[in-house]
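Please read the structure below before turning to the comments.
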Amino acid sequence: MPLTNKSERGADGGADVEAAPAPWPLNGSGFVFGYMAGSKSAAALAPLVEPIDHVDDLSAGPGFVMLLRYTDSPAGPYDELLVTTGGSKQRGVPVAPPASAPASVKTPSLSLPRRLFAPRRIPLIWVSSERSLRCGRRNWGVRKELADFTFTESVDDNGRKVTRVVIRERYERVDWAGATVPAGRVILDVEVGSMLGGALALPVASNPVGAAFLDMNLLGPWIDEDGRRLVSDSDAAEGERDATGTGRRGWILTRFGLRGWMRPVGLLAVHAAEGFPDPRELGVLSVGAQVTGNLVFGEAVFLEEEEDAEGVAA
């Protein structure tokens, strides 16, 4: 969906925001639920995916729904809701980044993962922080919008700890279909409950053996802070938008890692899902994990979108 610009985000958009370049170490906790990507999940994700992003390419391996609370990050504390795709087809070839790309984006030196370990895409992330929004768009091509998060904890009749999470749009915006999304609309309203008394905790690491092919990767479009797509080809002025029809779109591939502890939790109820894929339609597993630990958004490399035999961007 067309991302909001600063003028559309009220006091948040008018604030002075200090840059926070990668890498980003983040500490916090949250809930993670998995699903197996396929035609069903692709259909559920379609409303979030920009038409040129080829929704049919997003159907390999596991994807994830995450509700996260960062207590410490280079952008300060903030909350986050996201859904990843399954592994996506690589949309470009590694090239040296343009001079205007973030300094943390490097020239690729390793082969890129494919198939099960192919990079995931995040069609849209909702965050509670303007600084996280701007830095996420600029550093890694992550499409972020602002939302208000409410976490309410209680104990049910069985002694189970229950967390209800309600996320609402902070500002009015427009979706890909051109429809107005009103401020205050509930994006997601779910209840998550502890399992086994919350006593079972297992260590978790995204790449416990350090093998390069096991690295977790995210693939995002090269965009500016206002969410506009940028191009990198020499036949277009650097920074020119691809709406002109000249130049090739750029992509940013980011490696990230997770290390911490996880406890089993259950998805107890989905009260509302508007503008976000209904977890039940995605095929999300009813059992997930409450994860506590450290997440690092680190090295990123630049890709330039390939052209097919007729000279059209693939």
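Chain labels run A, B, ... following the order of the structure tokens; each chain numbers its residues from 1, and ligands are numbered from 1 in the order shown.
Around Met36 in chain A, within 7 Å and counting only C-alpha atoms, the residues found are Gly61, Pro62 and Gly63 of chain A, once anything fewer than 3 positions away on its own chain is removed.
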Only C-alpha atoms, please: the residues just picked out, written as an mmCIF file, in the first residue's frame.
```cif
data_model
loop_
_atom_site.group_PDB
_atom_site.id
_atom_site.type_symbol
_atom_site.label_atom_id
_atom_site.label_comp_id
_atom_site.auth_asym_id
_atom_site.auth_seq_id
_atom_site.Cartn_x
_atom_site.Cartn_y
_atom_site.Cartn_z
ATOM 1 C CA GLY A 61 8.762 -22.779 3.415
ATOM 2 C CA PRO A 62 7.690 -21.335 6.758
ATOM 3 C CA GLY A 63 6.494 -17.796 7.393
#
```
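Residues surrounding Lys6 in chain A within 12 Å are Leu3, Arg9, Gly10, Ala11, Asp12, Gly13, Gly14, Ala15, Asp16, Val17, Glu130, Arg131, Leu133, Arg134, Glu145, Leu146, Tyr171, Arg173, Asp224, Glu225, Asp226 and Gly227 of chain A [only C-alpha atoms; sequence separation below 3 positions excluded].
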May I have the residues within 6 Å of Glu80 in chain A as a PDB file with C-alpha atoms, in the first residue's frame, using only C-alpha atoms and disregarding those fewer than 3 positions away in the same chain?
```pdb
ATOM      1  CA  LEU A  67       4.090  -9.451  18.075  1.00  0.00           C
ATOM      2  CA  LEU A  68       7.191  -7.914  19.638  1.00  0.00           C
ATOM      3  CA  TRP A 126       3.253  -1.643  12.233  1.00  0.00           C
ATOM      4  CA  VAL A 127       5.409   0.021  14.900  1.00  0.00           C
TER       5      VAL A 127
END
```
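CA of Val142 in chain A sits 13.6 Å away from CA of Pro21 in chain A.
Between CA of Gly141 in chain A and CA of Pro23 in chain A lies a distance of 14.0 Å.
For the set A:Trp140, A:Ile167, A:Gly266, A:Ala205, the residue with the smallest atom-to-atom gap to Val284 in chain A is A:Gly266, counting only C-alpha atoms.
Distances to Asp79 in chain A were evaluated for A:Phe149, A:Phe31, A:Phe297, A:Trp24 using only C-alpha atoms, and the minimum falls at A:Phe149.
With only C-alpha atoms taken into account, the protein and nucleic acid residues at most 9 Å from Ala273 in chain A (excluding it and anything under 3 positions from it in its own chain) are A:Val186, A:Ile187, A:Leu188, A:Asp189, A:Val190, A:Val270, A:Phe276, A:Pro277, A:Asp278, A:Pro279.
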Can you spit out the residues from that selection as a PDB file, in the first residue's frame, using N, CA, C and O atoms?
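Saved to out_1.pdb:
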```pdb
ATOM      1  N   VAL A 186      -9.047  -1.172  14.141  1.00  0.00           N
ATOM      2  CA  VAL A 186      -8.343  -2.296  14.759  1.00  0.00           C
ATOM      3  C   VAL A 186      -7.663  -3.117  13.674  1.00  0.00           C
ATOM      4  O   VAL A 186      -8.321  -3.623  12.756  1.00  0.00           O
ATOM      5  N   ILE A 187      -6.362  -3.236  13.768  1.00  0.00           N
ATOM      6  CA  ILE A 187      -5.597  -4.040  12.820  1.00  0.00           C
ATOM      7  C   ILE A 187      -5.631  -5.503  13.232  1.00  0.00           C
ATOM      8  O   ILE A 187      -5.883  -6.394  12.420  1.00  0.00           O
ATOM      9  N   LEU A 188      -5.397  -5.744  14.515  1.00  0.00           N
ATOM     10  CA  LEU A 188      -5.392  -7.106  15.044  1.00  0.00           C
ATOM     11  C   LEU A 188      -5.738  -7.061  16.526  1.00  0.00           C
ATOM     12  O   LEU A 188      -5.275  -6.190  17.254  1.00  0.00           O
ATOM     13  N   ASP A 189      -6.563  -8.019  16.953  1.00  0.00           N
ATOM     14  CA  ASP A 189      -6.975  -8.151  18.351  1.00  0.00           C
ATOM     15  C   ASP A 189      -6.951  -9.637  18.678  1.00  0.00           C
ATOM     16  O   ASP A 189      -7.788 -10.401  18.198  1.00  0.00           O
ATOM     17  N   VAL A 190      -5.952 -10.052  19.455  1.00  0.00           N
ATOM     18  CA  VAL A 190      -5.773 -11.480  19.740  1.00  0.00           C
ATOM     19  C   VAL A 190      -5.512 -11.708  21.224  1.00  0.00           C
ATOM     20  O   VAL A 190      -5.113 -10.796  21.959  1.00  0.00           O
ATOM     21  N   VAL A 270      -8.879 -14.982  18.202  1.00  0.00           N
ATOM     22  CA  VAL A 270      -8.677 -13.871  17.276  1.00  0.00           C
ATOM     23  C   VAL A 270      -9.989 -13.097  17.250  1.00  0.00           C
ATOM     24  O   VAL A 270     -10.981 -13.535  16.685  1.00  0.00           O
ATOM     25  N   PHE A 276      -5.022  -6.789   8.236  1.00  0.00           N
ATOM     26  CA  PHE A 276      -3.950  -7.733   8.558  1.00  0.00           C
ATOM     27  C   PHE A 276      -4.492  -9.120   8.261  1.00  0.00           C
ATOM     28  O   PHE A 276      -5.676  -9.394   8.527  1.00  0.00           O
ATOM     29  N   PRO A 277      -3.672 -10.007   7.708  1.00  0.00           N
ATOM     30  CA  PRO A 277      -4.184 -11.346   7.402  1.00  0.00           C
ATOM     31  C   PRO A 277      -4.707 -12.044   8.652  1.00  0.00           C
ATOM     32  O   PRO A 277      -4.020 -12.093   9.674  1.00  0.00           O
ATOM     33  N   ASP A 278      -5.919 -12.563   8.589  1.00  0.00           N
ATOM     34  CA  ASP A 278      -6.457 -13.329   9.703  1.00  0.00           C
ATOM     35  C   ASP A 278      -5.550 -14.541   9.921  1.00  0.00           C
ATOM     36  O   ASP A 278      -5.314 -15.323   8.991  1.00  0.00           O
ATOM     37  N   PRO A 279      -4.981 -14.693  11.124  1.00  0.00           N
ATOM     38  CA  PRO A 279      -4.081 -15.829  11.359  1.00  0.00           C
ATOM     39  C   PRO A 279      -4.685 -17.173  10.968  1.00  0.00           C
ATOM     40  O   PRO A 279      -3.975 -18.083  10.532  1.00  0.00           O
TER      41      PRO A 279
END
```
**Item:** For CA of Ile122 in chain A and CA of Ala201 in chain A, the interatomic separation in Å (one decimal)
**Value:** 27.8 Å
**Request:** Using only C-alpha atoms, determine which residues lie at most 12 Å from Pro77 in chain A, disregarding the query and same-chain residues fewer than 6 positions distant; provide the list as a list of chain:residue names.
**Result:** A:Leu26, A:Asn27, A:Gly28, A:Ser29, A:Leu68, A:Arg69, A:Tyr70, A:Thr71, A:Val127, A:Ser128, A:Ser129, A:Glu130, A:Arg131, A:Ser132
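Take the candidates A:Pro25, A:Gly86, A:Pro119, A:Gly288 and check each one against Gly38 in chain A using only C-alpha atoms; the shortest distance goes to A:Gly86.
Using only C-alpha atoms for every distance, the candidate list A:Glu191, A:Arg228, A:Gly178, A:Val291 yields A:Arg228 as the residue closest to Asn5 in chain A.
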